[in-house]
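Input: a single structure, listed below in structure tokens.
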Amino acid sequence: MSISTKYNPREVEEKWYNSWMQRGFFRSTPNPKKEPYTIVIPPPNVTGVLHMGHMLNNTIQDVLIRRARMKGKEACWVPGTDHASIATEAKVVAMLKERGIEKKDISREEFLEYAWEWKEKYGGIILEQLKKLGASCDWDRTRFTMEDDLSAAVIEVFVDLYRKGQIYRGVRMVNWDPLGRTALSDEEVVPKDTMAKMYHLNYEVVGGTEPTYITVATSRPETIMADVAVAVNPNDARYTHLHGKSVRIPLLSKEIPVILDEYVSIEFGTGALKVTPAHDLNDYELGQKHNLPTIDILNDDGTLNEKAQLYVGQDRFAARRNIVKDLQEAGLLVKIDEYASVLQTSERTGAVIEPRLSMQWWCKMEEMAKPALDAVMNDEIRLHPPKFKNMYRSWMEGIRDWCISRQLWWGQRIPAYYLPDGSFVVATNAEDALELARKQSGNANLQASDLRQDDDVLDTWFSSWLWPISVFDGFKDPDNKDILYYYPTNDLVTAPEILFFWVARMIMAGYEFRKEAPFRNVYLTGIVRDAQGRKMSKSLGNSPDPLDLIDQYGADGVRAGMLFSSPAGNDLLFDEKLVEQGRNFSNKIWNAYRLIKGWEVDESLPCPNETAMQWFESRFNEAFVQLEDHFSKFRISDTLLTVYKLVWDDFCSSYLEMIKPAYQQPIDKQTLDTTIVYLEKILKVLHPFMPFITEEIWQDLKERKDKEYLIIAPWPKQDKFDKELTEKMESVLKVVAAIRNIRNSKNISPNKSLDLAIKVMNQDGYDNFISIIRKLANINEISLVQENVEGAISFVEAGDEFFIPMEGNIDVEAERERLQKELEYTRGFLNSVVKKLSNERFVSGAPETVIANERKKQADAEAKIHAIEQSLASL
């Protein structure tokens, strides 16, 4: 069968993906005879479509799972999606608006019907897109965080923690989204750089015969009506006279005390701080410390309420414009400064976040954090790279209680049921709640209609922190065969920005509910950024469509391109040239295969390539050791680069050139058979990274049985290699490169045969490599000499001197000038090395290996100078 001259990914990818699926290669069931290897996908939002971060994250997961499958493990990659409360609700609200329906005009049940309709239509898009990438998930195991069993697990966990005293209800400071009208987690808050204004206001001091003022600086003048104090540092000499005094809030004339606290910086601003506990986290803590009242002047939608007394009903930003105008007219606005600031905004609605006190449900974190902190610090769970351990420790040691309630309809509804008197009970269902309510109230006549379930839903993270357990139904049946076999999982691949919001909480849940860690390794990818260092996003328009990239460069090209420059924990500066390089690598592999497949065999021919074959086998084994070491340390990018160099440099550029027969001549059977074995080994180590092209070549290479697919072919075994042989061949290839460079510099045609003389200084000669040098460098005669060769260009490699007679081939004067320049440069280099070795501090302080390396540089430079001087003399 003829082979296409060009590799066509479109023809190959769908064919092999469907074939893998049909044969069930992605499916996994507990198998006591095999070691399990498990990955659970970080569930993408049902609102999501494939972006560059998903591409990187899921490529890495697929590399790990495909390698494990080939290593004979029971590989299970569980896919799924997250219901994403805020994001999905926003999408549904937008869909309803397009239909002329307002959320406030319909019931909760009606809204949820629309939400499920939206989810069924759009929720699976991203998983289908992952198939285009080649993701080999067990799709039969696909889970959704709001499916019945997983929702039941969430409710069960809530009730369990509540009964343990770990969950409580209370008023505390939260991130409030006035547009979404819900509390947000820190992860759902996006900081944006902006220019802001600082307003300097005069607060009149109470009790003086003449009006005196203290100037307070604030960026939020619309909140002064909620002020309950002005704080100064007790050590600030400027305000000693105000100790024990009161001031009046501008425009309101309400008196508030001056309090003393060293929290106030003497150097910052005016040294006087307005204290507004309801609208600032730090002020809230200051208020708690000094037993100050709390006045919340904002409604859920960000408008001012009656407690503000002024600007009631106005939006907070409209109120700001109006109060600034009124303050100016009253002579109480001293000045306005502009400064660089960071605006906290809602990830989903874009609204500016309002810190505000709110009645919410909270989960205590301190006790659960202890085993989760110890697990990472003791390397029971390893973070890759480990630099994130300090960040993790810092966050876990300063952990705060978790706000787990959201003022939404889409999500798991909080299982708290309120009695007519305002008290509540917590139960997994309405029937149990009624029974509890009757006992708690002593009223046996209470009916289900007398109870009202809490309107709030749980934070999305409250379902996803259970993910490694709940996907295996570990709450439904704690001893089922899946959870006992697959848990704990092996490796988690995720982004550093959710290390605390998701990873840490999963670890807590693992110890709380299974008494063990949920995974052993956490590989933290970097963020995919553009060439300017900006995070890729739709709003900036700087992110290519991943599916367009796959269509243009092939999935293998995109996968390789994403991994070429993405070491763990470091951001990837994406450039389309990376995937172009990946596509070019695919083409290189394809062309190498075409070359091999095109050779005709003559079984009567002897094998002339023993040295080349022994070298490549040794080189493969050497590279395989490096490759396995990189895998063990989660250096996925380095692993690919190791394979890349093995394939491109060693196999294609060197080995195939050593063994290929002359044009239109046959090859011997032993060489071809051995080369095919080597190609199969290469395809195996390449497969996790580039699954489609490798399967295509594997199947086309020879007749395969029905289940004889590369995706389940055995991973190579680590074998011995001859270091001396690989080092000697490295020197031989440097000799070939030097001869080719001489040809280029002297404009000598590659087709013109040259002679080569070798003055061997080392014991190990070139007997076994003569034919390789002759073939690769187009050398006619090779001779061993004792003396320098007159009229020849020479070079030194590994202590040996090589001469290429140049009579009739070069411009003597031009060559003399070139050699003179090279001589001057080498002498300068030698002087710098000698100077370094003459430095007693360097010699006494540097490691022996460094000193030995410098002495080798000296010897090589001296040998090179001698060779150049001989060449000049011969000219």
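To be explicit about the labels: the chains of the structure tokens are called A, B, and onward in the order shown, and within each one the residues are counted from 1, while ligands get numbers from 1 in the order they are shown.
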
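Close contacts of segment 100-117 of chain A, defined as residues with an atom at most 12 Å away when counting only C-alpha atoms, with chain neighbours fewer than 6 positions off set aside, comprise A:Val46, A:Thr47, A:His83, A:Ala84, A:Ser85, A:Ile86, A:Ala87, A:Thr88, A:Glu89, A:Ala90, A:Lys91, A:Val92, A:Val93, A:Ala94, A:Gly123, A:Met146, A:Glu147, A:Gly180, A:Leu408, A:Trp409, A:Trp410, A:Gly411, A:Gln412, A:Arg413, A:Asp455, A:Asp456, A:Val457.
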
**Study point:** DSSP strand (DSSP E) selection over segment 365-553 of chain A, as a list in words
**Key:**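 Residues meeting the strand (DSSP E) criterion: Arg382, Leu383, His384, Trp402, Cys403, Ser405, Arg406, Ala416, Tyr417, Tyr418, Phe424, Val425, Val426, Arg452, Gln453, Val457, Leu458, Asp491, Leu492, Val493, Thr494, Asn521, Val522, Tyr523, Leu524, Val528 and Arg529 of chain A.
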
Point to revise | A:Phe25, A:Gln447, A:Leu595, A:Ile782 ranked by distance to Lys707 of chain A, top pick (using only C-alpha atoms) | key: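 Comparing A:Phe25, A:Gln447, A:Leu595, A:Ile782 against Lys707 of chain A, the winner is A:Phe25.
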
Check your understanding: Interatomic distance between atom CA of Trp461 of chain A and atom CA of Pro371 of chain A?
Key ->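 Answer for the atom CA of Trp461 of chain A to atom CA of Pro371 of chain A separation: 19.5 Å.
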
Exercise for review: Find the residues near Asp571 of chain A: any atom within 7 Å, counting only C-alpha atoms, skip ones fewer than 5 places away on the same chain, and give them as a list in words.
Suggested key: Gly526, Ile527, Val528, Arg529 and Ser566 of chain A

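Closest approach to Gln870 of chain A among A:Gln309, A:Asn788, A:Asn235, A:Thr182: A:Asn788, based on only C-alpha atoms.
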
Check your understanding: DSSP says helix (DSSP H, G or I) for which residues of segment 602-803 of chain A? Put them as a ChimeraX atom specification?
Key -> /A:610-632,636-659,669-686,691-701,710-712,723-746,767-777

Review point. Out of A:Leu310, A:Val376, A:Met173, A:Cys363, which residue has the shortest atom-to-atom distance to Leu252 of chain A when counting only C-alpha atoms?
Key: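 When distances to Leu252 of chain A are compared using only C-alpha atoms, the smallest one comes from A:Leu310.
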
**Study point:** Ile865 of chain A environment, 8 Å, only C-alpha atoms, sequence neighbours closer than 4 positions dropped, as a count of residues only
**Key:** 5

Practice item. Give the answer as one residue: which of A:Glu680, A:Glu267, A:Asp337, A:Asp236 has the shortest atom-to-atom distance to Tyr199 of chain A, using only C-alpha atoms? Key: A:Asp337

Check your understanding: Can you tell me, as a PyMOL selection string, what residues are no more than 7 Å from Trp362 of chain A when counting only C-alpha atoms, ignoring any on the same chain fewer than 2 positions away?
Key -> chain A and resi 167-169+360+364+401-404

Any chance you could export the current selection's N, CA, C and O atoms as a compact mmCIF listing (two decimals), in the first residue's frame?
# COMPACT_ATOMS: atom_id res chain seq x y z
N ILE A 167 -20.47 22.99 61.13
CA ILE A 167 -21.21 23.95 60.30
C ILE A 167 -22.13 24.76 61.21
O ILE A 167 -22.77 24.21 62.11
N TYR A 168 -22.16 26.07 60.99
CA TYR A 168 -23.01 26.95 61.79
C TYR A 168 -23.54 28.07 60.91
O TYR A 168 -23.07 28.29 59.79
N ARG A 169 -24.51 28.80 61.44
CA ARG A 169 -25.11 29.92 60.72
C ARG A 169 -24.80 31.20 61.51
O ARG A 169 -24.93 31.22 62.72
N GLN A 360 -24.98 34.08 56.79
CA GLN A 360 -24.61 33.00 55.88
C GLN A 360 -24.35 31.73 56.68
O GLN A 360 -24.29 31.75 57.91
N LYS A 364 -16.48 25.39 59.72
CA LYS A 364 -15.23 25.59 60.47
C LYS A 364 -14.09 24.83 59.78
O LYS A 364 -14.24 23.67 59.40
N ASP A 401 -12.83 30.44 58.47
CA ASP A 401 -14.03 29.64 58.21
C ASP A 401 -14.55 29.91 56.80
O ASP A 401 -14.40 31.01 56.26
N TRP A 402 -15.17 28.92 56.23
CA TRP A 402 -15.57 28.91 54.82
C TRP A 402 -17.04 29.28 54.71
O TRP A 402 -17.90 28.63 55.30
N CYS A 403 -17.33 30.33 53.95
CA CYS A 403 -18.71 30.71 53.67
C CYS A 403 -19.25 29.76 52.60
O CYS A 403 -18.82 29.82 51.44
N ILE A 404 -20.17 28.89 52.98
CA ILE A 404 -20.60 27.82 52.07
C ILE A 404 -21.98 28.07 51.46
O ILE A 404 -22.47 27.24 50.69

Exercise for review: Enter the distance from atom CA of Lys746 of chain A to atom CA of Met806 of chain A, in Å, rounded to one decimal.
Suggested key: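 Between atom CA of Lys746 of chain A and atom CA of Met806 of chain A the gap works out to 9.6 Å.
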
Exercise for review: Using only C-alpha atoms, pick whichever of A:Thr460, A:Ser19, A:Thr270, A:Thr345 has the shortest atom-to-atom distance to Ser151 of chain A.
Suggested key: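 Among the listed residues, the smallest separation from Ser151 of chain A belongs to A:Thr460.
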
Practice item. Measure the distance from atom CA of Phe144 of chain A to atom CA of Thr81 of chain A in Å and round it to one decimal. Key: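 Atom CA of Thr81 of chain A lies 5.0 Å from atom CA of Phe144 of chain A.
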
Contacts of Pro666 of chain A at 8 Å or less, counting only C-alpha atoms, minus same-chain residues fewer than 5 places along, as an mmCIF file with N, CA and C atoms, in the first residue's frame?
data_model
loop_
_atom_site.group_PDB
_atom_site.id
_atom_site.type_symbol
_atom_site.label_atom_id
_atom_site.label_comp_id
_atom_site.auth_asym_id
_atom_site.auth_seq_id
_atom_site.Cartn_x
_atom_site.Cartn_y
_atom_site.Cartn_z
ATOM 1 N N TRP A 599 12.135 1.155 1.686
ATOM 2 C CA TRP A 599 13.317 0.354 1.385
ATOM 3 C C TRP A 599 12.937 -1.054 0.918
ATOM 4 N N GLU A 600 13.624 -1.493 -0.138
ATOM 5 C CA GLU A 600 13.481 -2.868 -0.615
ATOM 6 C C GLU A 600 14.533 -3.743 0.062
ATOM 7 N N VAL A 601 14.196 -4.987 0.358
ATOM 8 C CA VAL A 601 15.125 -5.884 1.068
ATOM 9 C C VAL A 601 15.768 -6.870 0.098
ATOM 10 N N ASP A 602 17.066 -7.051 0.265
ATOM 11 C CA ASP A 602 17.793 -8.106 -0.454
ATOM 12 C C ASP A 602 18.354 -9.038 0.625
ATOM 13 N N PRO A 661 20.493 2.757 2.625
ATOM 14 C CA PRO A 661 21.254 2.299 1.450
ATOM 15 C C PRO A 661 21.411 3.423 0.430
#
